[in-house]
>>> print(open('final_37.cif').read())   # mmCIF, N, CA and C atoms
data_coords
#
loop_
_atom_site.label_atom_id
_atom_site.label_comp_id
_atom_site.auth_asym_id
_atom_site.auth_seq_id
_atom_site.Cartn_x
_atom_site.Cartn_y
_atom_site.Cartn_z
N MET A 1 106.45 56.28 71.32
CA MET A 1 105.29 57.13 71.55
C MET A 1 104.28 56.90 70.43
N ARG A 2 103.03 56.77 70.78
CA ARG A 2 101.97 56.56 69.80
C ARG A 2 101.14 57.83 69.68
N THR A 3 100.63 58.04 68.47
CA THR A 3 99.80 59.22 68.20
C THR A 3 98.44 58.76 67.74
N TYR A 4 97.41 59.30 68.37
CA TYR A 4 96.03 58.95 68.03
C TYR A 4 95.27 60.21 67.62
N VAL A 5 94.42 60.05 66.62
CA VAL A 5 93.51 61.11 66.20
C VAL A 5 92.12 60.49 66.18
N ALA A 6 91.23 61.04 66.97
CA ALA A 6 89.85 60.55 67.04
C ALA A 6 89.80 59.04 67.30
N GLY A 7 90.67 58.58 68.18
CA GLY A 7 90.67 57.17 68.55
C GLY A 7 91.36 56.23 67.59
N GLN A 8 91.94 56.76 66.51
CA GLN A 8 92.63 55.91 65.53
C GLN A 8 94.11 56.24 65.55
N GLU A 9 94.94 55.20 65.59
CA GLU A 9 96.38 55.41 65.64
C GLU A 9 96.92 55.82 64.28
N ALA A 10 97.74 56.85 64.28
CA ALA A 10 98.41 57.32 63.06
C ALA A 10 99.81 56.73 63.04
N TYR A 11 100.17 56.08 61.92
CA TYR A 11 101.46 55.38 61.82
C TYR A 11 102.54 56.19 61.12
N GLY A 12 102.31 57.45 60.87
CA GLY A 12 103.32 58.29 60.25
C GLY A 12 102.78 59.69 60.08
N ASP A 13 103.64 60.59 59.64
CA ASP A 13 103.25 61.99 59.47
C ASP A 13 102.11 62.16 58.48
N LEU A 14 102.18 61.45 57.36
CA LEU A 14 101.16 61.58 56.33
C LEU A 14 99.81 61.08 56.84
N GLU A 15 99.83 59.93 57.51
CA GLU A 15 98.58 59.40 58.05
C GLU A 15 98.02 60.31 59.14
N PHE A 16 98.89 60.90 59.95
CA PHE A 16 98.44 61.84 60.97
C PHE A 16 97.72 63.03 60.33
N ALA A 17 98.33 63.57 59.28
CA ALA A 17 97.71 64.71 58.59
C ALA A 17 96.37 64.33 57.99
N GLU A 18 96.30 63.14 57.40
CA GLU A 18 95.04 62.69 56.79
C GLU A 18 93.95 62.53 57.85
N LEU A 19 94.30 61.95 59.00
CA LEU A 19 93.31 61.77 60.06
C LEU A 19 92.92 63.10 60.68
N ALA A 20 93.89 63.96 60.92
CA ALA A 20 93.60 65.24 61.58
C ALA A 20 92.82 66.19 60.69
N LEU A 21 93.16 66.23 59.41
CA LEU A 21 92.53 67.18 58.50
C LEU A 21 91.33 66.60 57.76
N GLY A 22 91.24 65.29 57.71
CA GLY A 22 90.14 64.68 56.97
C GLY A 22 90.33 64.74 55.47
N ILE A 23 91.55 64.91 55.02
CA ILE A 23 91.86 65.01 53.60
C ILE A 23 92.70 63.81 53.20
N ASP A 24 92.25 63.08 52.17
CA ASP A 24 93.01 61.97 51.63
C ASP A 24 94.05 62.55 50.67
N VAL A 25 95.28 62.59 51.11
CA VAL A 25 96.35 63.23 50.34
C VAL A 25 96.47 62.62 48.95
N GLU A 26 96.42 61.31 48.84
CA GLU A 26 96.61 60.65 47.55
C GLU A 26 95.47 60.98 46.58
N LEU A 27 94.28 61.23 47.10
CA LEU A 27 93.16 61.58 46.23
C LEU A 27 93.45 62.88 45.48
N PHE A 28 94.01 63.86 46.15
CA PHE A 28 94.26 65.16 45.53
C PHE A 28 95.63 65.25 44.87
N ARG A 29 96.62 64.63 45.46
CA ARG A 29 97.97 64.68 44.90
C ARG A 29 98.16 63.65 43.81
N GLY A 30 97.51 62.53 43.95
CA GLY A 30 97.72 61.40 43.05
C GLY A 30 98.75 60.47 43.63
N PRO A 31 98.72 59.21 43.19
CA PRO A 31 99.69 58.24 43.72
C PRO A 31 101.08 58.54 43.19
N LEU A 32 102.07 58.13 43.92
CA LEU A 32 103.45 58.34 43.47
C LEU A 32 103.87 57.28 42.46
N GLU A 33 103.09 56.22 42.35
CA GLU A 33 103.34 55.19 41.34
C GLU A 33 102.44 55.45 40.14
N PHE A 34 102.60 54.62 39.12
CA PHE A 34 101.83 54.74 37.88
C PHE A 34 100.34 54.55 38.14
N GLU A 35 99.51 55.35 37.44
CA GLU A 35 98.07 55.11 37.43
C GLU A 35 97.60 55.24 35.99
N THR A 36 96.61 54.44 35.64
CA THR A 36 96.09 54.46 34.27
C THR A 36 95.34 55.77 34.03
N ASP A 37 95.12 56.08 32.75
CA ASP A 37 94.38 57.29 32.41
C ASP A 37 92.97 57.25 32.98
N SER A 38 92.31 56.09 32.93
CA SER A 38 90.94 56.00 33.45
C SER A 38 90.93 56.13 34.98
N ASP A 39 91.93 55.56 35.66
CA ASP A 39 92.02 55.72 37.11
C ASP A 39 92.26 57.18 37.48
N ARG A 40 93.15 57.84 36.74
CA ARG A 40 93.44 59.24 37.01
C ARG A 40 92.20 60.10 36.78
N ALA A 41 91.47 59.84 35.70
CA ALA A 41 90.26 60.61 35.41
C ALA A 41 89.22 60.44 36.51
N ALA A 42 89.03 59.21 36.98
CA ALA A 42 88.06 58.95 38.05
C ALA A 42 88.50 59.63 39.35
N ARG A 43 89.80 59.54 39.69
CA ARG A 43 90.31 60.17 40.90
C ARG A 43 90.16 61.69 40.83
N GLU A 44 90.49 62.27 39.67
CA GLU A 44 90.39 63.72 39.53
C GLU A 44 88.94 64.20 39.57
N ASP A 45 88.01 63.42 39.01
CA ASP A 45 86.59 63.77 39.10
C ASP A 45 86.12 63.78 40.55
N ALA A 46 86.50 62.75 41.30
CA ALA A 46 86.12 62.68 42.71
C ALA A 46 86.74 63.84 43.49
N ALA A 47 88.00 64.13 43.22
CA ALA A 47 88.68 65.22 43.92
C ALA A 47 88.01 66.56 43.60
N ARG A 48 87.63 66.78 42.34
CA ARG A 48 86.94 68.04 41.98
C ARG A 48 85.62 68.17 42.72
N ASP A 49 84.86 67.07 42.80
CA ASP A 49 83.58 67.10 43.51
C ASP A 49 83.77 67.42 44.99
N ILE A 50 84.74 66.77 45.62
CA ILE A 50 84.99 67.00 47.04
C ILE A 50 85.47 68.42 47.26
N LEU A 51 86.36 68.92 46.40
CA LEU A 51 86.85 70.28 46.54
C LEU A 51 85.71 71.29 46.37
N ALA A 52 84.81 71.05 45.44
CA ALA A 52 83.65 71.93 45.26
C ALA A 52 82.77 71.93 46.51
N ASP A 53 82.57 70.75 47.11
CA ASP A 53 81.80 70.66 48.36
C ASP A 53 82.48 71.44 49.48
N LEU A 54 83.79 71.29 49.60
CA LEU A 54 84.52 72.01 50.63
C LEU A 54 84.40 73.52 50.44
N ARG A 55 84.49 73.96 49.20
CA ARG A 55 84.38 75.41 48.93
C ARG A 55 82.98 75.93 49.26
N ARG A 56 81.93 75.13 48.94
CA ARG A 56 80.56 75.54 49.30
C ARG A 56 80.40 75.63 50.82
N GLU A 57 80.94 74.66 51.53
CA GLU A 57 80.86 74.68 52.99
C GLU A 57 81.61 75.88 53.55
N ALA A 58 82.75 76.20 52.95
CA ALA A 58 83.53 77.35 53.40
C ALA A 58 82.75 78.65 53.17
N GLU A 59 82.11 78.77 52.02
CA GLU A 59 81.32 79.96 51.73
C GLU A 59 80.12 80.09 52.67
N ALA A 60 79.66 78.95 53.19
CA ALA A 60 78.54 78.95 54.14
C ALA A 60 79.02 79.25 55.57
N GLY A 61 80.32 79.44 55.74
CA GLY A 61 80.84 79.83 57.05
C GLY A 61 81.67 78.80 57.78
N ASP A 62 81.92 77.64 57.19
CA ASP A 62 82.72 76.60 57.84
C ASP A 62 84.20 76.89 57.60
N GLU A 63 84.85 77.43 58.62
CA GLU A 63 86.26 77.83 58.49
C GLU A 63 87.17 76.62 58.25
N ILE A 64 86.88 75.50 58.92
CA ILE A 64 87.70 74.30 58.75
C ILE A 64 87.62 73.81 57.30
N ALA A 65 86.43 73.81 56.73
CA ALA A 65 86.26 73.40 55.33
C ALA A 65 87.05 74.32 54.41
N GLY A 66 87.11 75.60 54.76
CA GLY A 66 87.89 76.55 53.97
C GLY A 66 89.37 76.21 53.97
N TRP A 67 89.90 75.89 55.16
CA TRP A 67 91.31 75.51 55.24
C TRP A 67 91.56 74.18 54.53
N ASP A 68 90.63 73.24 54.69
CA ASP A 68 90.75 71.96 53.99
C ASP A 68 90.74 72.16 52.48
N ALA A 69 89.90 73.07 51.99
CA ALA A 69 89.84 73.35 50.55
C ALA A 69 91.17 73.92 50.07
N LEU A 70 91.76 74.81 50.83
CA LEU A 70 93.06 75.38 50.45
C LEU A 70 94.13 74.29 50.40
N TYR A 71 94.14 73.42 51.39
CA TYR A 71 95.12 72.34 51.45
C TYR A 71 94.93 71.38 50.28
N ALA A 72 93.68 70.97 50.04
CA ALA A 72 93.39 70.05 48.94
C ALA A 72 93.76 70.66 47.60
N ASP A 73 93.46 71.93 47.41
CA ASP A 73 93.80 72.61 46.16
C ASP A 73 95.31 72.65 45.97
N ALA A 74 96.05 72.94 47.04
CA ALA A 74 97.51 72.97 46.95
C ALA A 74 98.06 71.59 46.62
N LEU A 75 97.48 70.54 47.22
CA LEU A 75 97.93 69.18 46.91
C LEU A 75 97.71 68.85 45.44
N SER A 76 96.58 69.28 44.90
CA SER A 76 96.28 68.95 43.51
C SER A 76 97.24 69.64 42.55
N ARG A 77 97.85 70.70 42.97
CA ARG A 77 98.81 71.42 42.13
C ARG A 77 100.22 70.85 42.22
N THR A 78 100.46 69.91 43.14
CA THR A 78 101.80 69.32 43.26
C THR A 78 102.04 68.19 42.28
N VAL A 79 101.00 67.64 41.69
CA VAL A 79 101.14 66.48 40.81
C VAL A 79 102.07 66.75 39.62
N PRO A 80 101.90 67.84 38.87
CA PRO A 80 102.81 68.05 37.74
C PRO A 80 104.27 68.14 38.17
N PHE A 81 104.52 68.74 39.33
CA PHE A 81 105.89 68.84 39.82
C PHE A 81 106.47 67.45 40.09
N LEU A 82 105.72 66.60 40.77
CA LEU A 82 106.21 65.26 41.07
C LEU A 82 106.48 64.47 39.79
N ARG A 83 105.61 64.59 38.82
CA ARG A 83 105.81 63.88 37.55
C ARG A 83 107.03 64.43 36.82
N ALA A 84 107.22 65.74 36.87
CA ALA A 84 108.37 66.35 36.20
C ALA A 84 109.67 65.87 36.81
N VAL A 85 109.71 65.75 38.13
CA VAL A 85 110.93 65.28 38.79
C VAL A 85 111.22 63.84 38.39
N ARG A 86 110.21 62.99 38.37
CA ARG A 86 110.42 61.60 37.98
C ARG A 86 110.92 61.52 36.54
N GLY A 87 110.35 62.32 35.65
CA GLY A 87 110.78 62.31 34.25
C GLY A 87 112.21 62.79 34.09
N HIS A 88 112.59 63.78 34.89
CA HIS A 88 113.95 64.32 34.83
C HIS A 88 114.96 63.31 35.33
N ARG A 89 114.64 62.62 36.40
CA ARG A 89 115.57 61.63 36.97
C ARG A 89 115.78 60.44 36.05
N SER A 90 114.79 60.10 35.24
CA SER A 90 114.92 58.92 34.38
C SER A 90 115.48 59.28 33.00
N GLY A 91 115.82 60.53 32.77
CA GLY A 91 116.34 60.95 31.47
C GLY A 91 117.68 60.34 31.17
N ALA A 92 117.90 60.04 29.89
CA ALA A 92 119.18 59.43 29.46
C ALA A 92 120.28 60.47 29.48
N GLY A 93 121.47 60.03 29.86
CA GLY A 93 122.63 60.89 29.83
C GLY A 93 122.74 61.84 31.01
N GLU A 94 121.85 61.74 31.95
CA GLU A 94 121.88 62.59 33.13
C GLU A 94 122.87 62.03 34.16
N ALA A 95 123.54 62.88 34.86
CA ALA A 95 124.40 62.43 35.95
C ALA A 95 123.54 62.02 37.12
N ALA A 96 123.92 60.97 37.79
CA ALA A 96 123.13 60.47 38.93
C ALA A 96 123.40 61.25 40.19
#
>>> encode(input="final_37.cif", output="C-alpha cells")
Amino acid sequence: MRTYVAGQEAYGDLEFAELALGIDVELFRGPLEFETDSDRAAREDAARDILADLRREAEAGDEIAGWDALYADALSRTVPFLRAVRGHRSGAGEAA
C-alpha cells in the first residue's frame, strides 16, 4: 500500500508526518548523527525564526500554524534527551 500527501509519496511514518504537517522534523529535533557547532547554530537559528513565524500566524488566527508551533516546539525539546541517551549508552563500564 502506498501513501500520498499532496501528490507526493511518503516512504515512512516520519516522512508522512513531515509532508502532512509541513514540519521538517530534523530541523527542530536535530540530526541523530553528529553535527558541528556551526551547523547546529545555523539550524537552531532557522528553527527559531520558523517557530516565531508559526506563533505569529497562530496569534493571527491560523489554528494549523498553532498546532504546528506546538509540535515544532516539542521536537526542539527532545534534542537534549536524545543526546543524553547516546552519552549514557557509550559510557565505560556500563552493562550492554
>>> atom_distance(input="final_37.cif", atom1="CA of Ala74 in chain A", atom2="CA of Ala17 in chain A")
14.3 Å
>>> closest_residue(input="final_37.cif", among="A:Asp39, A:Glu33, A:Glu15, A:Asp73", to="Ala52 in chain A", atoms="only C-alpha atoms")
A:Asp73
>>> atom_distance(input="final_37.cif", atom1="atom N of Trp67 in chain A", atom2="atom C of Ile50 in chain A")
11.7 Å
>>> resolve_selection(input="final_37.cif", expression="the PyMOL selection byres (((chain A and resi 5 and name CA) around 10) and name CA)", output="PyMOL selection string")
chain A and resi 3-4+6-10+15-21
>>> atom_distance(input="final_37.cif", atom1="atom C of Asp13 in chain A", atom2="atom N of Glu26 in chain A")
11.2 Å
>>> closest_residue(input="final_37.cif", among="A:Asp68, A:Ser76, A:Asp62, A:Arg43", to="Ile23 in chain A", atoms="all atoms listed in the file")
A:Asp68
>>> select_by_dssp(input="final_37.cif", residues="chain A", states="strand (DSSP E)", output="compact mmCIF listing (two decimals) with N, CA and C atoms, in the coordinates of the input")
# COMPACT_ATOMS: atom_id res chain seq x y z
N THR A 3 100.63 58.04 68.47
CA THR A 3 99.80 59.22 68.20
C THR A 3 98.44 58.76 67.74
N TYR A 4 97.41 59.30 68.37
CA TYR A 4 96.03 58.95 68.03
C TYR A 4 95.27 60.21 67.62
N VAL A 5 94.42 60.05 66.62
CA VAL A 5 93.51 61.11 66.20
C VAL A 5 92.12 60.49 66.18
N GLN A 8 91.94 56.76 66.51
CA GLN A 8 92.63 55.91 65.53
C GLN A 8 94.11 56.24 65.55
N GLU A 9 94.94 55.20 65.59
CA GLU A 9 96.38 55.41 65.64
C GLU A 9 96.92 55.82 64.28
N ALA A 10 97.74 56.85 64.28
CA ALA A 10 98.41 57.32 63.06
C ALA A 10 99.81 56.73 63.04
>>> resolve_selection(input="final_37.cif", expression="the PyMOL selection byres (((chain A and resi 44 and name CA) around 12) and name CA)", output="short mmCIF file (atom, residue, chain, number, x, y, z; two decimals) with N, CA and C atoms, in the frame of the given file")
data_model
loop_
_atom_site.label_atom_id
_atom_site.label_comp_id
_atom_site.auth_asym_id
_atom_site.auth_seq_id
_atom_site.Cartn_x
_atom_site.Cartn_y
_atom_site.Cartn_z
N GLU A 26 96.42 61.31 48.84
CA GLU A 26 96.61 60.65 47.55
C GLU A 26 95.47 60.98 46.58
N LEU A 27 94.28 61.23 47.10
CA LEU A 27 93.16 61.58 46.23
C LEU A 27 93.45 62.88 45.48
N PHE A 28 94.01 63.86 46.15
CA PHE A 28 94.26 65.16 45.53
C PHE A 28 95.63 65.25 44.87
N ARG A 29 96.62 64.63 45.46
CA ARG A 29 97.97 64.68 44.90
C ARG A 29 98.16 63.65 43.81
N GLY A 30 97.51 62.53 43.95
CA GLY A 30 97.72 61.40 43.05
C GLY A 30 98.75 60.47 43.63
N PRO A 31 98.72 59.21 43.19
CA PRO A 31 99.69 58.24 43.72
C PRO A 31 101.08 58.54 43.19
N GLU A 35 99.51 55.35 37.44
CA GLU A 35 98.07 55.11 37.43
C GLU A 35 97.60 55.24 35.99
N ASP A 37 95.12 56.08 32.75
CA ASP A 37 94.38 57.29 32.41
C ASP A 37 92.97 57.25 32.98
N SER A 38 92.31 56.09 32.93
CA SER A 38 90.94 56.00 33.45
C SER A 38 90.93 56.13 34.98
N ASP A 39 91.93 55.56 35.66
CA ASP A 39 92.02 55.72 37.11
C ASP A 39 92.26 57.18 37.48
N ARG A 40 93.15 57.84 36.74
CA ARG A 40 93.44 59.24 37.01
C ARG A 40 92.20 60.10 36.78
N ALA A 41 91.47 59.84 35.70
CA ALA A 41 90.26 60.61 35.41
C ALA A 41 89.22 60.44 36.51
N ALA A 42 89.03 59.21 36.98
CA ALA A 42 88.06 58.95 38.05
C ALA A 42 88.50 59.63 39.35
N ARG A 43 89.80 59.54 39.69
CA ARG A 43 90.31 60.17 40.90
C ARG A 43 90.16 61.69 40.83
N ASP A 45 88.01 63.42 39.01
CA ASP A 45 86.59 63.77 39.10
C ASP A 45 86.12 63.78 40.55
N ALA A 46 86.50 62.75 41.30
CA ALA A 46 86.12 62.68 42.71
C ALA A 46 86.74 63.84 43.49
N ALA A 47 88.00 64.13 43.22
CA ALA A 47 88.68 65.22 43.92
C ALA A 47 88.01 66.56 43.60
N ARG A 48 87.63 66.78 42.34
CA ARG A 48 86.94 68.04 41.98
C ARG A 48 85.62 68.17 42.72
N ASP A 49 84.86 67.07 42.80
CA ASP A 49 83.58 67.10 43.51
C ASP A 49 83.77 67.42 44.99
N ILE A 50 84.74 66.77 45.62
CA ILE A 50 84.99 67.00 47.04
C ILE A 50 85.47 68.42 47.26
N LEU A 51 86.36 68.92 46.40
CA LEU A 51 86.85 70.28 46.54
C LEU A 51 85.71 71.29 46.37
N ALA A 72 93.68 70.97 50.04
CA ALA A 72 93.39 70.05 48.94
C ALA A 72 93.76 70.66 47.60
N ASP A 73 93.46 71.93 47.41
CA ASP A 73 93.80 72.61 46.16
C ASP A 73 95.31 72.65 45.97
N LEU A 75 97.48 70.54 47.22
CA LEU A 75 97.93 69.18 46.91
C LEU A 75 97.71 68.85 45.44
N SER A 76 96.58 69.28 44.90
CA SER A 76 96.28 68.95 43.51
C SER A 76 97.24 69.64 42.55
N ARG A 77 97.85 70.70 42.97
CA ARG A 77 98.81 71.42 42.13
C ARG A 77 100.22 70.85 42.22
N VAL A 79 101.00 67.64 41.69
CA VAL A 79 101.14 66.48 40.81
C VAL A 79 102.07 66.75 39.62
#
>>> select_by_dssp(input="final_37.cif", residues="chain A", states="helix (DSSP H, G or I)", output="ChimeraX atom specification")
/A:13-21,25-29,37-59,63-76,79-89
>>> closest_residue(input="final_37.cif", among="A:Ala60, A:Leu54, A:Leu32, A:Ala65", to="Thr78 in chain A", atoms="only C-alpha atoms")
A:Leu32
>>> build_atoms(input="final_37.cif", residues="range 5-16 of chain A", atoms="all heavy atoms", output="mmCIF file, in the frame of the given file")
data_model
loop_
_atom_site.group_PDB
_atom_site.id
_atom_site.type_symbol
_atom_site.label_atom_id
_atom_site.label_comp_id
_atom_site.auth_asym_id
_atom_site.auth_seq_id
_atom_site.Cartn_x
_atom_site.Cartn_y
_atom_site.Cartn_z
ATOM 1 N N VAL A 5 94.420 60.050 66.620
ATOM 2 C CA VAL A 5 93.510 61.110 66.200
ATOM 3 C C VAL A 5 92.120 60.490 66.180
ATOM 4 O O VAL A 5 91.886 59.526 65.448
ATOM 5 C CB VAL A 5 93.877 61.668 64.809
ATOM 6 C CG1 VAL A 5 92.881 62.725 64.374
ATOM 7 C CG2 VAL A 5 95.299 62.229 64.811
ATOM 8 N N ALA A 6 91.230 61.040 66.970
ATOM 9 C CA ALA A 6 89.850 60.550 67.040
ATOM 10 C C ALA A 6 89.800 59.040 67.300
ATOM 11 O O ALA A 6 89.016 58.326 66.695
ATOM 12 C CB ALA A 6 89.083 60.914 65.785
ATOM 13 N N GLY A 7 90.670 58.580 68.180
ATOM 14 C CA GLY A 7 90.670 57.170 68.550
ATOM 15 C C GLY A 7 91.360 56.230 67.590
ATOM 16 O O GLY A 7 91.376 55.027 67.791
ATOM 17 N N GLN A 8 91.940 56.760 66.510
ATOM 18 C CA GLN A 8 92.630 55.910 65.530
ATOM 19 C C GLN A 8 94.110 56.240 65.550
ATOM 20 O O GLN A 8 94.514 57.402 65.527
ATOM 21 C CB GLN A 8 92.064 56.151 64.135
ATOM 22 C CG GLN A 8 92.586 55.175 63.114
ATOM 23 C CD GLN A 8 91.826 55.275 61.798
ATOM 24 O OE1 GLN A 8 90.838 55.975 61.673
ATOM 25 N NE2 GLN A 8 92.314 54.554 60.807
ATOM 26 N N GLU A 9 94.940 55.200 65.590
ATOM 27 C CA GLU A 9 96.380 55.410 65.640
ATOM 28 C C GLU A 9 96.920 55.820 64.280
ATOM 29 O O GLU A 9 96.600 55.223 63.255
ATOM 30 C CB GLU A 9 97.096 54.135 66.100
ATOM 31 C CG GLU A 9 98.576 54.348 66.305
ATOM 32 C CD GLU A 9 99.284 53.154 66.933
ATOM 33 O OE1 GLU A 9 98.626 52.123 67.181
ATOM 34 O OE2 GLU A 9 100.492 53.253 67.151
ATOM 35 N N ALA A 10 97.740 56.850 64.280
ATOM 36 C CA ALA A 10 98.410 57.320 63.060
ATOM 37 C C ALA A 10 99.810 56.730 63.040
ATOM 38 O O ALA A 10 100.559 56.851 64.006
ATOM 39 C CB ALA A 10 98.475 58.846 63.042
ATOM 40 N N TYR A 11 100.170 56.080 61.920
ATOM 41 C CA TYR A 11 101.460 55.380 61.820
ATOM 42 C C TYR A 11 102.540 56.190 61.120
ATOM 43 O O TYR A 11 103.578 55.665 60.794
ATOM 44 C CB TYR A 11 101.264 54.044 61.119
ATOM 45 C CG TYR A 11 100.460 53.081 61.958
ATOM 46 C CD1 TYR A 11 99.118 52.880 61.705
ATOM 47 C CD2 TYR A 11 101.045 52.403 63.006
ATOM 48 C CE1 TYR A 11 98.371 52.012 62.484
ATOM 49 C CE2 TYR A 11 100.311 51.532 63.806
ATOM 50 C CZ TYR A 11 98.972 51.341 63.532
ATOM 51 O OH TYR A 11 98.243 50.497 64.306
ATOM 52 N N GLY A 12 102.310 57.450 60.870
ATOM 53 C CA GLY A 12 103.320 58.290 60.250
ATOM 54 C C GLY A 12 102.780 59.690 60.080
ATOM 55 O O GLY A 12 101.601 59.978 60.343
ATOM 56 N N ASP A 13 103.640 60.590 59.640
ATOM 57 C CA ASP A 13 103.250 61.990 59.470
ATOM 58 C C ASP A 13 102.110 62.160 58.480
ATOM 59 O O ASP A 13 101.174 62.921 58.712
ATOM 60 C CB ASP A 13 104.446 62.823 59.015
ATOM 61 C CG ASP A 13 105.530 62.907 60.067
ATOM 62 O OD1 ASP A 13 105.250 62.606 61.248
ATOM 63 O OD2 ASP A 13 106.670 63.271 59.710
ATOM 64 N N LEU A 14 102.180 61.450 57.360
ATOM 65 C CA LEU A 14 101.160 61.580 56.330
ATOM 66 C C LEU A 14 99.810 61.080 56.840
ATOM 67 O O LEU A 14 98.784 61.732 56.666
ATOM 68 C CB LEU A 14 101.572 60.829 55.075
ATOM 69 C CG LEU A 14 100.663 60.963 53.870
ATOM 70 C CD1 LEU A 14 100.535 62.426 53.436
ATOM 71 C CD2 LEU A 14 101.202 60.135 52.726
ATOM 72 N N GLU A 15 99.830 59.930 57.510
ATOM 73 C CA GLU A 15 98.580 59.400 58.050
ATOM 74 C C GLU A 15 98.020 60.310 59.140
ATOM 75 O O GLU A 15 96.812 60.492 59.245
ATOM 76 C CB GLU A 15 98.777 57.985 58.584
ATOM 77 C CG GLU A 15 97.476 57.320 58.969
ATOM 78 C CD GLU A 15 97.631 55.859 59.322
ATOM 79 O OE1 GLU A 15 98.759 55.325 59.278
ATOM 80 O OE2 GLU A 15 96.609 55.249 59.634
ATOM 81 N N PHE A 16 98.890 60.900 59.950
ATOM 82 C CA PHE A 16 98.440 61.840 60.970
ATOM 83 C C PHE A 16 97.720 63.030 60.330
ATOM 84 O O PHE A 16 96.643 63.425 60.760
ATOM 85 C CB PHE A 16 99.613 62.340 61.821
ATOM 86 C CG PHE A 16 99.210 63.378 62.823
ATOM 87 C CD1 PHE A 16 98.626 63.005 64.030
ATOM 88 C CD2 PHE A 16 99.394 64.731 62.565
ATOM 89 C CE1 PHE A 16 98.235 63.959 64.951
ATOM 90 C CE2 PHE A 16 99.008 65.680 63.476
ATOM 91 C CZ PHE A 16 98.428 65.297 64.680
#
